[in-house]
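Participant: This is the structure I want to talk about, given as structure tokens.
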Amino acid sequence: MLTKSQAKLFFLAGTIIFSVLFLGLSYDTHVNHVANQPYEKTITPAVIAGKHLWEDNNCMGCHTIFGEGAYYAPELTKVIDRRGEGYVKGLLMSPTPWGEHTSGRKMVAYGFSDEDAQNLVEYFKWAGTVDLNGFPAKPKYKIEANK
Amino acid sequence: MGFAHMGMDGLHDFIPFNTARAVHTNLLVCWLLLGFMGSAYYIIPEESQNELFSPKLAYIQLISFLAVGVTAVIAYHLNWWEGRKFLEIPRPLDYLVVVNVLAFLYNILMTLFKGKKQTTTSLVLAMGLLFAALLYLPGMIWFDSQTLDSFYRWYVVHLWVEGVWELIMGGILAFLLIKITGVDREVIEKWLYVIVGLTFLSGILGTGHHYYYIGAPSYWLWIGGIFSALEPLAFLAMALFALNMYRKGEKKHPNKAALNWTLGAAITSFVGAGLLGAAHTLPNVNLYTHGTLVTAMHGHMAFWGAYAMIVLAIIAYAMPNLTGRKLYDNNMTRYAFWLSNIGMIGMTVAFGVAGVAQVYMERILGVDFMETQKEIEPHFLVLVLCATGFTTGVILYIVNFFQHGKPTDEALVSE
């Protein structure tokens, strides 16, 4: 029968071994993998400024990027491919909330300046280039609504 | 937020969804941290047979922690935040949290190590609290890359809720089982080691399930898949352990409310965190469910079962002892328990149905996001109705807390 000291050993040894493994894999991910990816070398000052705006306005409080965030508004990793740069930029600069007359849901009307909106667009464009192991998955079917 | 999901976003001009959500999740985290700290202030002195090192420091720490929390909530309404999921509080407030937690740890560790005894239960609890504080730090580093930002954000979020918080939960659970069931401490603490061992064995590399689709290497798909599939084992062990100790226990403690919440926490955490987590943790499933309401289904019941219920359990256990009142259990405590739990089960089902429908429509059939959301609106009516039941239960708990929370001498008088 398992004794208390054996149980303690199981806990301590397991914790140490798996912590070391995790830190090693984190190092490999950060230094050997992510840092060498082509998209890590295309993080321009505009992309960084866009990331600051993304965080300063808590966009993740409604949207997701890389599938992370809240589930109230669309996933934005491939938003430029899906909607085009002009639509996204226009929406970010609009003084009227998105959905004001068309949907029950609304988006805050940020009314960004041309420069800020462009920075956010650059951030989305950059996000769209990251290799996400197949996410977001392409839908298996494409159905059309009966109008 | 339920109403907003139904298309009735009437408060948008005053409380947009991102503000409501940040308040919702951060209040939860703040309340749980307060609960863990309060539990430690109760358990550590009792286990180490020593008075709390500095009650004055504890008061200062409590008040300053609350002040930081209130400031953060106000800040969210003024569009001041860090905007990273679960770590929304503005950066200057982060530093205050660090100072606050250091004061707390100093107080607790001094109490523990100056005490007569360092029991396994108290050591596991203190270790959980110490590592929770340390793991807060990687979340404060700025990365230009969204991939690395996300990678290290999970050091905090995942390794808290699926790592060191389980240590804290295990410590509180062990303490409650020792007190309520009367089973020998050695037996309970042996199984505590096994449970926290299983937690780290699966949970540390289980962090990989957050690394599938953020730009990290593909080996995380199988590492995360295998180890997160093992994560329910720790919760299963916890549930079996609590039920077995209850059956074994010869002592029939009169505090039925604390017993309900304790066993409830062990079982609900297995369902919410273990089973519902496993339901969407494998990479081939998660590819479609990642970033949908399926995550909300798992998240709500997991936090409720594993952490909220264990905090409510320790409060239910500690209150009669602290007030000297012999009232342990009444109709209100029973209604509070059942209403809140049935409400939470209903909410979980509503989220699950909405989430699965969303996955099939949006991710498999390629229907537009907003069109899909329009179709799943009715499930949010069910969610709101169940949430009303849940909230009524929680309100009853709070009413009972204030009604019977003041010190009394009835125990002394009756003796």
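Scheme for the structure tokens: letters A, B, ... for chains in order shown; per-chain residue numbers from 1; ligand numbers from 1 in order shown.
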Within 7 Å of chain A, which residues of chain B are there when counting only C-alpha atoms? Please give them as an mmCIF file with N, CA, C and O atoms, in the first residue's frame.

Facilitator:
```cif
data_model
loop_
_atom_site.group_PDB
_atom_site.id
_atom_site.type_symbol
_atom_site.label_atom_id
_atom_site.label_comp_id
_atom_site.auth_asym_id
_atom_site.auth_seq_id
_atom_site.Cartn_x
_atom_site.Cartn_y
_atom_site.Cartn_z
ATOM 1 N N ALA B 4 -27.499 41.049 -23.961
ATOM 2 C CA ALA B 4 -26.770 41.563 -25.120
ATOM 3 C C ALA B 4 -26.629 40.466 -26.174
ATOM 4 O O ALA B 4 -26.761 40.710 -27.371
ATOM 5 N N GLY B 7 -29.401 40.158 -28.397
ATOM 6 C CA GLY B 7 -29.627 41.285 -29.307
ATOM 7 C C GLY B 7 -30.243 42.482 -28.596
ATOM 8 O O GLY B 7 -30.727 43.403 -29.231
ATOM 9 N N MET B 8 -30.249 42.434 -27.243
ATOM 10 C CA MET B 8 -30.812 43.577 -26.500
ATOM 11 C C MET B 8 -29.681 44.254 -25.734
ATOM 12 O O MET B 8 -29.502 44.035 -24.546
ATOM 13 N N ASP B 9 -28.909 45.036 -26.481
ATOM 14 C CA ASP B 9 -27.714 45.642 -25.893
ATOM 15 C C ASP B 9 -28.020 47.083 -25.467
ATOM 16 O O ASP B 9 -27.327 48.028 -25.830
ATOM 17 N N PHE B 17 -20.101 45.864 -23.997
ATOM 18 C CA PHE B 17 -19.895 44.456 -23.641
ATOM 19 C C PHE B 17 -18.501 44.197 -23.075
ATOM 20 O O PHE B 17 -18.344 43.464 -22.102
ATOM 21 N N ASN B 18 -17.467 44.829 -23.679
ATOM 22 C CA ASN B 18 -16.105 44.535 -23.203
ATOM 23 C C ASN B 18 -15.883 45.015 -21.769
ATOM 24 O O ASN B 18 -15.123 44.404 -21.012
ATOM 25 N N ARG B 21 -17.783 42.469 -19.524
ATOM 26 C CA ARG B 21 -17.081 41.199 -19.448
ATOM 27 C C ARG B 21 -15.838 41.298 -18.560
ATOM 28 O O ARG B 21 -15.556 40.394 -17.761
ATOM 29 N N ALA B 22 -15.090 42.409 -18.697
ATOM 30 C CA ALA B 22 -13.892 42.574 -17.869
ATOM 31 C C ALA B 22 -14.279 42.641 -16.393
ATOM 32 O O ALA B 22 -13.616 42.053 -15.528
ATOM 33 N N ASN B 79 -12.469 53.124 -20.019
ATOM 34 C CA ASN B 79 -11.618 52.620 -21.105
ATOM 35 C C ASN B 79 -10.131 52.644 -20.733
ATOM 36 O O ASN B 79 -9.273 52.943 -21.543
ATOM 37 N N TRP B 80 -9.816 52.315 -19.469
ATOM 38 C CA TRP B 80 -8.418 52.221 -19.031
ATOM 39 C C TRP B 80 -8.155 50.786 -18.599
ATOM 40 O O TRP B 80 -8.704 50.333 -17.593
ATOM 41 N N TRP B 81 -7.374 50.087 -19.385
ATOM 42 C CA TRP B 81 -7.103 48.681 -19.082
ATOM 43 C C TRP B 81 -5.928 48.174 -19.887
ATOM 44 O O TRP B 81 -5.389 48.881 -20.747
ATOM 45 N N GLU B 82 -5.568 46.908 -19.627
ATOM 46 C CA GLU B 82 -4.469 46.317 -20.373
ATOM 47 C C GLU B 82 -4.983 45.454 -21.520
ATOM 48 O O GLU B 82 -4.232 45.089 -22.404
ATOM 49 N N GLY B 83 -6.269 45.124 -21.481
ATOM 50 C CA GLY B 83 -6.909 44.466 -22.610
ATOM 51 C C GLY B 83 -6.366 43.105 -22.987
ATOM 52 O O GLY B 83 -6.336 42.742 -24.153
ATOM 53 N N ARG B 84 -5.909 42.334 -21.992
ATOM 54 C CA ARG B 84 -5.476 40.961 -22.266
ATOM 55 C C ARG B 84 -6.349 40.069 -21.404
ATOM 56 O O ARG B 84 -6.442 40.254 -20.200
ATOM 57 N N LYS B 85 -6.978 39.092 -22.061
ATOM 58 C CA LYS B 85 -8.013 38.290 -21.405
ATOM 59 C C LYS B 85 -7.603 37.817 -20.010
ATOM 60 O O LYS B 85 -6.574 37.158 -19.861
ATOM 61 N N ASP B 144 6.178 42.202 -28.311
ATOM 62 C CA ASP B 144 5.658 42.781 -29.551
ATOM 63 C C ASP B 144 4.845 41.751 -30.320
ATOM 64 O O ASP B 144 3.935 42.088 -31.063
ATOM 65 N N SER B 145 5.226 40.485 -30.152
ATOM 66 C CA SER B 145 4.585 39.418 -30.911
ATOM 67 C C SER B 145 3.354 38.912 -30.173
ATOM 68 O O SER B 145 3.424 38.542 -29.003
ATOM 69 N N LYS B 190 -2.085 11.895 2.755
ATOM 70 C CA LYS B 190 -1.430 11.022 1.768
ATOM 71 C C LYS B 190 -2.125 11.193 0.414
ATOM 72 O O LYS B 190 -1.472 11.384 -0.615
ATOM 73 N N TYR B 193 -1.399 14.449 -1.381
ATOM 74 C CA TYR B 193 -0.161 14.410 -2.181
ATOM 75 C C TYR B 193 -0.409 13.761 -3.549
ATOM 76 O O TYR B 193 0.089 14.216 -4.574
ATOM 77 N N VAL B 194 -1.163 12.659 -3.534
ATOM 78 C CA VAL B 194 -1.421 11.958 -4.804
ATOM 79 C C VAL B 194 -2.194 12.884 -5.754
ATOM 80 O O VAL B 194 -1.863 13.005 -6.937
ATOM 81 N N VAL B 196 -2.479 16.284 -5.745
ATOM 82 C CA VAL B 196 -1.726 17.425 -6.274
ATOM 83 C C VAL B 196 -0.603 16.938 -7.200
ATOM 84 O O VAL B 196 -0.224 17.631 -8.141
ATOM 85 N N GLY B 197 -0.120 15.727 -6.950
ATOM 86 C CA GLY B 197 0.869 15.130 -7.858
ATOM 87 C C GLY B 197 0.261 14.925 -9.239
ATOM 88 O O GLY B 197 0.846 15.287 -10.264
ATOM 89 N N PHE B 200 -0.193 18.273 -11.190
ATOM 90 C CA PHE B 200 0.985 18.808 -11.871
ATOM 91 C C PHE B 200 1.468 17.894 -12.991
ATOM 92 O O PHE B 200 1.948 18.366 -14.016
ATOM 93 N N LEU B 201 1.324 16.604 -12.775
ATOM 94 C CA LEU B 201 1.740 15.645 -13.805
ATOM 95 C C LEU B 201 0.982 15.922 -15.113
ATOM 96 O O LEU B 201 1.544 15.888 -16.193
ATOM 97 N N ILE B 204 0.760 20.707 -15.949
ATOM 98 C CA ILE B 204 1.863 21.569 -16.407
ATOM 99 C C ILE B 204 2.009 21.466 -17.924
ATOM 100 O O ILE B 204 1.942 22.463 -18.645
ATOM 101 N N LEU B 205 2.170 20.238 -18.424
ATOM 102 C CA LEU B 205 2.282 20.098 -19.884
ATOM 103 C C LEU B 205 0.924 20.255 -20.562
ATOM 104 O O LEU B 205 0.854 20.521 -21.763
ATOM 105 N N TYR B 212 -2.078 25.254 -29.148
ATOM 106 C CA TYR B 212 -2.352 24.617 -30.441
ATOM 107 C C TYR B 212 -2.314 25.633 -31.588
ATOM 108 O O TYR B 212 -1.702 25.399 -32.624
ATOM 109 N N TYR B 213 -3.055 26.751 -31.386
ATOM 110 C CA TYR B 213 -3.370 27.613 -32.539
ATOM 111 C C TYR B 213 -2.953 29.068 -32.342
ATOM 112 O O TYR B 213 -3.657 29.986 -32.740
ATOM 113 N N ILE B 214 -1.814 29.281 -31.692
ATOM 114 C CA ILE B 214 -1.392 30.671 -31.466
ATOM 115 C C ILE B 214 -0.063 30.989 -32.162
ATOM 116 O O ILE B 214 0.514 32.047 -31.941
ATOM 117 N N GLY B 215 0.431 30.030 -32.971
ATOM 118 C CA GLY B 215 1.702 30.267 -33.655
ATOM 119 C C GLY B 215 2.862 29.524 -33.009
ATOM 120 O O GLY B 215 4.016 29.714 -33.398
ATOM 121 N N ALA B 216 2.576 28.672 -32.023
ATOM 122 C CA ALA B 216 3.617 27.860 -31.384
ATOM 123 C C ALA B 216 3.847 26.600 -32.240
ATOM 124 O O ALA B 216 3.011 26.261 -33.078
ATOM 125 N N PRO B 217 4.979 25.895 -32.031
ATOM 126 C CA PRO B 217 5.253 24.728 -32.878
ATOM 127 C C PRO B 217 4.205 23.626 -32.740
ATOM 128 O O PRO B 217 3.520 23.536 -31.719
ATOM 129 N N SER B 218 4.131 22.782 -33.786
ATOM 130 C CA SER B 218 3.044 21.797 -33.829
ATOM 131 C C SER B 218 3.209 20.675 -32.808
ATOM 132 O O SER B 218 2.264 19.937 -32.564
ATOM 133 N N LEU B 287 -9.892 22.466 -32.847
ATOM 134 C CA LEU B 287 -9.721 23.257 -34.070
ATOM 135 C C LEU B 287 -11.041 23.949 -34.433
ATOM 136 O O LEU B 287 -11.058 25.050 -34.954
ATOM 137 N N TYR B 288 -12.163 23.262 -34.141
ATOM 138 C CA TYR B 288 -13.478 23.824 -34.465
ATOM 139 C C TYR B 288 -14.126 24.552 -33.296
ATOM 140 O O TYR B 288 -14.925 25.452 -33.489
ATOM 141 N N HIS B 290 -12.427 26.066 -30.684
ATOM 142 C CA HIS B 290 -11.565 27.122 -30.145
ATOM 143 C C HIS B 290 -12.169 28.503 -30.414
ATOM 144 O O HIS B 290 -12.450 28.841 -31.564
ATOM 145 N N GLY B 291 -12.375 29.269 -29.348
ATOM 146 C CA GLY B 291 -12.910 30.613 -29.524
ATOM 147 C C GLY B 291 -14.409 30.642 -29.780
ATOM 148 O O GLY B 291 -14.907 31.565 -30.414
ATOM 149 N N THR B 292 -15.123 29.621 -29.277
ATOM 150 C CA THR B 292 -16.589 29.643 -29.414
ATOM 151 C C THR B 292 -17.222 29.531 -28.023
ATOM 152 O O THR B 292 -16.523 29.398 -27.015
ATOM 153 N N LEU B 293 -18.531 29.525 -27.999
ATOM 154 C CA LEU B 293 -19.251 29.460 -26.718
ATOM 155 C C LEU B 293 -19.071 28.116 -26.011
ATOM 156 O O LEU B 293 -19.447 27.982 -24.844
ATOM 157 N N ARG B 363 -18.525 27.047 -38.075
ATOM 158 C CA ARG B 363 -17.228 26.442 -38.381
ATOM 159 C C ARG B 363 -17.312 25.296 -39.377
ATOM 160 O O ARG B 363 -16.368 25.018 -40.083
ATOM 161 N N ILE B 364 -18.451 24.583 -39.399
ATOM 162 C CA ILE B 364 -18.564 23.438 -40.311
ATOM 163 C C ILE B 364 -19.301 23.842 -41.586
ATOM 164 O O ILE B 364 -18.915 23.485 -42.686
ATOM 165 N N LEU B 365 -20.404 24.619 -41.404
ATOM 166 C CA LEU B 365 -21.218 24.952 -42.579
ATOM 167 C C LEU B 365 -20.873 26.319 -43.181
ATOM 168 O O LEU B 365 -21.426 26.698 -44.210
ATOM 169 N N GLY B 366 -20.003 27.064 -42.505
ATOM 170 C CA GLY B 366 -19.538 28.321 -43.084
ATOM 171 C C GLY B 366 -20.555 29.457 -43.060
ATOM 172 O O GLY B 366 -20.476 30.380 -43.861
ATOM 173 N N VAL B 367 -21.525 29.391 -42.120
ATOM 174 C CA VAL B 367 -22.485 30.496 -42.000
ATOM 175 C C VAL B 367 -21.776 31.666 -41.330
ATOM 176 O O VAL B 367 -20.946 31.476 -40.438
ATOM 177 N N PHE B 369 -20.681 34.767 -38.974
ATOM 178 C CA PHE B 369 -20.693 34.844 -37.497
ATOM 179 C C PHE B 369 -21.995 35.438 -36.966
ATOM 180 O O PHE B 369 -22.672 34.861 -36.115
#
```

Participant: Would you kindly return, as a list in words, each protein, DNA or RNA residue with an atom no farther than 12 Å from any atom of B:Arg185, considering only C-alpha atoms and excluding same-chain residues fewer than 3 positions away?

Facilitator: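 Once the adjacent positions are removed, what remains is Lys4 of chain A; Glu47, Thr119, Thr120, Thr121, Ala174, Phe175, Leu176, Leu177, Ile178, Lys179, Ile180, Thr181, Gly182, Ile188, Glu189, Lys190, Trp191, Leu192, Met245 and Gly249 of chain B.
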
Participant: Using DSSP on the backbone coordinates, identify all residues within chain A classified as strand (DSSP E or B); present the result as JSON, numbers by chain.

Facilitator: {"A": [64, 65, 68, 69, 75, 98, 107]}

Participant: Considering only C-alpha atoms, state which residue in the set B:Ser48, B:Thr388, B:Thr289, B:Gln146 is at the smallest distance from B:Leu339.

Facilitator: B:Thr388

Participant: With only C-alpha atoms as the counted atoms, please give the residues lying no more than 9 Å from B:Glu51, apart from itself and same-chain residues fewer than 6 positions off, as a PyMOL selection string.

Facilitator: chain B and resi 45+111+115

Participant: Kindly export the residues of the current selection with C-alpha atoms, as a compact mmCIF listing (two decimals), in the first residue's frame.

Facilitator:
```
# COMPACT_ATOMS: atom_id res chain seq x y z
CA PRO B 45 -3.03 29.69 12.17
CA THR B 111 2.65 32.51 10.88
CA GLY B 115 4.13 28.01 14.47
```

Participant: Need to verify the contact set: stretch 267-269 of chain B, 9 Å, only C-alpha atoms, exclusion of same-chain residues closer than 6 positions in sequence. Can you return it as a list in words?

Facilitator: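 Returned residues: Phe235, Leu236, Met238, Ala239, Leu240, Ala242, Leu243, Leu275, Met301, Ala302, Phe303, Trp304, Gly305, Ala306, Tyr307, Met309 and Asn341 of chain B.
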
Participant: Among stretch 62-234 of chain B, which residues does DSSP mark as alpha helix (DSSP H) when it is run on the backbone? Keep the chain and numbering as in the structure and answer as a PyMOL selection string.

Facilitator: chain B and resi 62-77+91-113+120-135+146-159+165-181+185-206+219-234

Participant: How many Å lie between atom CA of B:Asn284 and atom CA of B:Val156, rounded to one decimal?

Facilitator: 25.2 Å

Participant: Can you pull out the residues contacting B:Met347? Cut-off 7 Å, using only C-alpha atoms, and skip same-chain residues under 5 positions away; I want them as a list in words.

Facilitator: Leu383, Cys386 and Ala387 of chain B

Participant: Which is closer to B:Ala273 than all the others in B:Ala132, B:Val359, B:Ile223, B:Val161, using only C-alpha atoms?

Facilitator: B:Val161

Participant: Pick out the closest residue to B:Val187 from this set: B:Phe241, B:Phe380, B:Met297, B:Val23. Count only C-alpha atoms.

Facilitator: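 Looking only at the distances to B:Val187, the closest residue turns out to be B:Phe241.
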
Participant: Calculated over only C-alpha atoms, which of the candidates B:Pro138, B:Pro283, B:Gly163, B:Gly171 has the smallest distance to B:Val124?

Facilitator: B:Gly171

Participant: Can you measure atom CA of A:Leu76 to atom CA of B:Glu362 for me? One decimal in Å is fine.

Facilitator: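 The value is 14.1 Å.
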